[in-house]
Amino acid sequence: MSSDNTYDVTAWPHGDAHQDIGEVINSIIADVKARQAAPDIGDGGKPGAVIHIPPGDYRLRTQVLIDVSFLRIEGAGHGFSSSSIRFNVPEDEWPGLHELWPGGSRILVDIAAGGAQDESAGAAFLVARSGSPRISSVEFSGFCIDGLHFVGDQPGENPENSYANGKTGIHVRDANDSFRITGMGFVYLERAMTIHKADALSIHDNFIAECGSCIELRSWGQASKITDNLIGAGPHGHSIYAENHGGLLITANNVFPRGASSVHLHGVTRSSVTNNRLHSFYPGMMVLAANSSENLVGSNHFLRDHEPWTPFLAVDNGLDDVFGLLAIAGSNNSIIGNHFSEVIDSESVRPSGATPVIIRLVAGSGNYIASNHVVGLDVATSASDSCFEAQVDALLATHASRSLAVTAVLVDPTASGNIILDSGRDGEVVIDRAANAFRPTPSIGSGGHAEHTPLPAGVVALGDRRADRR
């Protein structure tokens, strides 16, 4: 169905979308503003528009400036494909690859990089409009924003592994309401998205990986959600970062390793981080900093193991293992029912001879840490030139020659008045028991000797596949 407020970038008469889609979209937005100038016509007046991007490659040489509400920019597929894997395959093998670049409705960001003083200058899409009311209901859906190449200092003398190019996919500068970013692909951008002053923002079902930082919520915000995304940042950036937010929901995300942190909350209050799968190669997987308080962190799966891919073996985030996988500086947080797996080589622990820390309570009072399960395994490290196979092999390996000694919970002297229950055995929790409440996880046999109870007749033990058992 056609409409005066529905546009196809390939059919727009001004500019060539394949050569500079930025120029074309800016021209379309100018048309929308000219035709929808009146703020009130019959209880309406500015319905906004839909801009459609068919499958194909579209170079962006001009930054898109969005300063109208009710605008939806949509494509026909997020088109994510790993550029990192391809850039670490010898170039003489490229002719044998099925494809070299991401696909779908793909924006090729080909503008000058932004500097430290103005990150927004390197953004493909800049959303900026001050005044009242706030800009509202801008949507990005179903296309790929590709930064093409990284160019900074690099591990292994390959600039494509640096995660640096000064480019951002989406930069929202001013206060905004009810934005939606859904079904998008982001790859090879120093920042996938940076959003300031968000209210009721939805970041849902996106593939955001091989970017320096993936999701950054800056300045302040409220009542937003980050849900059901596949996310993976670089070793100097954040997978999910939020500052001064209240009522933030972070749920059901699958966060890949290599980011300096999986979730970093700075001054975030009354928010929930639940049911996420978090994977990291370094300590500091989740950080609650700057008096982040009254938050719920529950039913998450934390896995910390070693980098198995050869090009990144010498890379880390600079943190020692006593920092903690989860570090908390705040009060009245609930840390409940999480699973932690620390699967590392004891010879690699830093500083040498230290005991790795799982949950570290750095400062604050009234925190409730309960029913968390910690698994520590000491494994021999291995590496491979194949990213996919090395990662899968590492994830599926569950056998270890011995357990790894860990500190399940460390409560610093600067924290008091906290409650720690069933989150580590007596010798695994370091705490001032006069200043905090503590109940250890029972050790096997601590409740007295119990006789072995045989299985009821006819019940087959798990894993017993003998055909003669009935």
# chains A, B, ... in the order shown; residues from 1 in each chain; ligands from 1
>>> select_by_dssp(residues="region 124-282 of chain A", states="helix (DSSP H, G or I)", output="VMD selection string")
chain A and resid 155 to 157 159 to 161
>>> residues_around(residues="region 355-367 of chain A", least_positions_apart="4", cutoff="7 Å", atoms="only C-alpha atoms", output="list in words")
Asp321, Val322, Phe323, Gly324, Leu325, Leu326, Ala327, Ile328, Ala329, Gly330, Ser331, Asn332, Asn333, Ser334, Ala405, Val406, Thr407, Ala408, Val409, Leu410, Val411, Asp412, Thr414, Ala415, Ser416, Gly417, Asn418 and Ile419 of chain A
>>> closest_atom_pairs(of="region 142-214 of chain A", to="region 71-81 of chain A", cutoff="6 Å", atoms="only C-alpha atoms", output="tab-separated table")
residue	atom	partner	partner_atom	distance
A:Gly142	CA	A:Gly75	CA	4.6
A:Phe143	CA	A:His78	CA	4.2
A:Cys144	CA	A:His78	CA	4.8
A:Met184	CA	A:His78	CA	4.9
A:Gly185	CA	A:His78	CA	4.5
>>> write_last_selection(atoms="C-alpha atoms", output="PDB file, in the first residue's frame")
ATOM      1  CA  GLY A 142      15.718  -4.259  10.207  1.00  0.00           C
ATOM      2  CA  PHE A 143      18.900  -2.945   8.574  1.00  0.00           C
ATOM      3  CA  CYS A 144      22.662  -3.180   9.068  1.00  0.00           C
ATOM      4  CA  MET A 184      19.068  -4.141  13.679  1.00  0.00           C
ATOM      5  CA  GLY A 185      22.604  -5.281  12.869  1.00  0.00           C
TER       6      GLY A 185
END
>>> residues_around(residues="Gly232 (chain A)", least_positions_apart="2", cutoff="9 Å", atoms="only C-alpha atoms", output="ChimeraX atom specification")
/A:207-214,230,234,238-239,254-259,262
>>> residues_around(residues="Phe281 (chain A)", least_positions_apart="4", cutoff="10 Å", atoms="only C-alpha atoms", output="JSON, numbers by chain")
{"A": [235, 256, 257, 258, 259, 260, 261, 285, 303, 304, 305, 306, 307, 308, 315, 316, 317, 342, 343, 344]}
>>> write_last_selection(atoms="C-alpha atoms", output="compact mmCIF listing (two decimals), in the first residue's frame")
# COMPACT_ATOMS: atom_id res chain seq x y z
CA PRO A 235 38.21 -5.26 25.17
CA PHE A 256 29.40 -12.49 24.16
CA PRO A 257 32.94 -12.34 25.58
CA ARG A 258 35.77 -9.89 24.88
CA GLY A 259 34.02 -6.74 26.11
CA ALA A 260 35.76 -4.98 29.00
CA SER A 261 32.47 -5.51 30.84
CA MET A 285 31.95 -8.80 34.08
CA LEU A 303 30.76 -17.54 32.68
CA ARG A 304 34.34 -16.38 32.89
CA ASP A 305 36.89 -18.42 30.93
CA HIS A 306 39.93 -17.87 28.71
CA GLU A 307 40.24 -16.34 25.27
CA PRO A 308 40.67 -19.31 22.89
CA VAL A 315 44.49 -8.92 25.09
CA ASP A 316 42.72 -8.22 28.39
CA ASN A 317 40.84 -5.43 30.17
CA GLU A 342 34.94 -19.46 36.82
CA VAL A 343 36.76 -21.83 34.44
CA ILE A 344 40.39 -20.74 34.21
>>> select_by_dssp(residues="region 121-229 of chain A", states="strand (DSSP E)", output="PDB file with C-alpha atoms, in the first residue's frame")
ATOM      1  CA  ALA A 123      27.715   9.079  13.675  1.00  0.00           C
ATOM      2  CA  ALA A 124      25.846   7.706  10.690  1.00  0.00           C
ATOM      3  CA  PHE A 125      22.537   8.797  12.246  1.00  0.00           C
ATOM      4  CA  LEU A 126      22.404  11.825  14.555  1.00  0.00           C
ATOM      5  CA  VAL A 127      19.139  12.487  16.378  1.00  0.00           C
ATOM      6  CA  ILE A 135      11.490  14.266  20.088  1.00  0.00           C
ATOM      7  CA  SER A 136       9.451  11.049  20.211  1.00  0.00           C
ATOM      8  CA  GLU A 139      12.366   3.909  15.159  1.00  0.00           C
ATOM      9  CA  PHE A 140      15.246   2.044  13.512  1.00  0.00           C
ATOM     10  CA  SER A 141      14.367  -1.449  12.335  1.00  0.00           C
ATOM     11  CA  CYS A 144      22.662  -3.180   9.068  1.00  0.00           C
ATOM     12  CA  ILE A 145      25.015  -0.329   9.959  1.00  0.00           C
ATOM     13  CA  ASP A 146      28.566  -1.351   9.004  1.00  0.00           C
ATOM     14  CA  THR A 168      29.042   5.504  15.658  1.00  0.00           C
ATOM     15  CA  GLY A 169      25.907   3.900  14.266  1.00  0.00           C
ATOM     16  CA  ILE A 170      23.221   5.910  16.092  1.00  0.00           C
ATOM     17  CA  HIS A 171      23.906   8.928  18.303  1.00  0.00           C
ATOM     18  CA  VAL A 172      20.964  10.505  20.130  1.00  0.00           C
ATOM     19  CA  ASN A 176      13.848  11.694  23.790  1.00  0.00           C
ATOM     20  CA  ASP A 177      10.792   9.575  24.459  1.00  0.00           C
ATOM     21  CA  ARG A 180      12.682   1.884  19.397  1.00  0.00           C
ATOM     22  CA  ILE A 181      15.736   0.113  17.993  1.00  0.00           C
ATOM     23  CA  THR A 182      14.680  -3.370  16.885  1.00  0.00           C
ATOM     24  CA  GLY A 185      22.604  -5.281  12.869  1.00  0.00           C
ATOM     25  CA  PHE A 186      25.654  -3.288  14.015  1.00  0.00           C
ATOM     26  CA  VAL A 187      29.214  -4.280  13.086  1.00  0.00           C
ATOM     27  CA  ARG A 191      30.228   2.711  19.165  1.00  0.00           C
ATOM     28  CA  ALA A 192      27.102   0.974  17.940  1.00  0.00           C
ATOM     29  CA  MET A 193      24.745   3.372  19.708  1.00  0.00           C
ATOM     30  CA  THR A 194      25.093   6.208  22.202  1.00  0.00           C
ATOM     31  CA  ILE A 195      21.818   7.525  23.562  1.00  0.00           C
ATOM     32  CA  HIS A 196      21.493  10.477  25.937  1.00  0.00           C
ATOM     33  CA  LYS A 197      18.484  11.321  28.127  1.00  0.00           C
ATOM     34  CA  ALA A 198      16.260   8.398  27.195  1.00  0.00           C
ATOM     35  CA  ASP A 199      12.733   7.854  28.481  1.00  0.00           C
ATOM     36  CA  SER A 202      13.297  -0.038  23.772  1.00  0.00           C
ATOM     37  CA  ILE A 203      16.429  -1.775  22.449  1.00  0.00           C
ATOM     38  CA  HIS A 204      15.150  -5.196  21.466  1.00  0.00           C
ATOM     39  CA  PHE A 207      22.584  -8.221  16.724  1.00  0.00           C
ATOM     40  CA  ILE A 208      25.242  -5.845  18.053  1.00  0.00           C
ATOM     41  CA  ALA A 209      28.727  -7.307  17.887  1.00  0.00           C
ATOM     42  CA  GLU A 210      32.315  -6.616  16.859  1.00  0.00           C
ATOM     43  CA  CYS A 211      31.857  -3.012  17.968  1.00  0.00           C
ATOM     44  CA  SER A 213      31.121  -0.459  22.643  1.00  0.00           C
ATOM     45  CA  CYS A 214      27.631  -1.741  21.920  1.00  0.00           C
ATOM     46  CA  ILE A 215      24.991   0.033  24.014  1.00  0.00           C
ATOM     47  CA  GLU A 216      25.741   3.241  25.900  1.00  0.00           C
ATOM     48  CA  LEU A 217      22.965   5.035  27.781  1.00  0.00           C
ATOM     49  CA  ARG A 218      24.436   8.368  28.819  1.00  0.00           C
ATOM     50  CA  SER A 219      23.507  11.458  30.866  1.00  0.00           C
ATOM     51  CA  TRP A 220      20.346  10.120  32.549  1.00  0.00           C
ATOM     52  CA  GLY A 221      17.161   8.236  31.762  1.00  0.00           C
ATOM     53  CA  GLN A 222      14.231   6.228  33.028  1.00  0.00           C
ATOM     54  CA  LYS A 225      14.597  -1.687  28.450  1.00  0.00           C
ATOM     55  CA  ILE A 226      17.382  -3.671  26.811  1.00  0.00           C
ATOM     56  CA  THR A 227      15.959  -7.089  25.958  1.00  0.00           C
TER      57      THR A 227
END
>>> residues_around(residues="Leu60 (chain A)", least_positions_apart="6", cutoff="12 Å", atoms="only C-alpha atoms", output="number ranges by chain")
A: 15-26, 106-112, 122-125, 145-148, 167, 169
>>> closest_residue(among="A:Ser120, A:Asn206, A:Gly427, A:Phe150", to="Val64 (chain A)", atoms="only C-alpha atoms")
A:Ser120
>>> atom_distance(atom1="CA of Ser293 (chain A)", atom2="CA of Gly246 (chain A)")
9.9 Å
>>> closest_residue(among="A:Ser299, A:Thr10, A:Asn253, A:Ser341", to="Asn229 (chain A)", atoms="only C-alpha atoms")
A:Asn253
>>> closest_residue(among="A:Asn5, A:Gly56, A:Ala314, A:Ser130", to="Arg35 (chain A)", atoms="only C-alpha atoms")
A:Asn5
>>> residues_around(residues="Ser292 (chain A)", least_positions_apart="4", cutoff="7 Å", atoms="only C-alpha atoms", output="PyMOL selection string")
chain A and resi 265-269+288+329-330
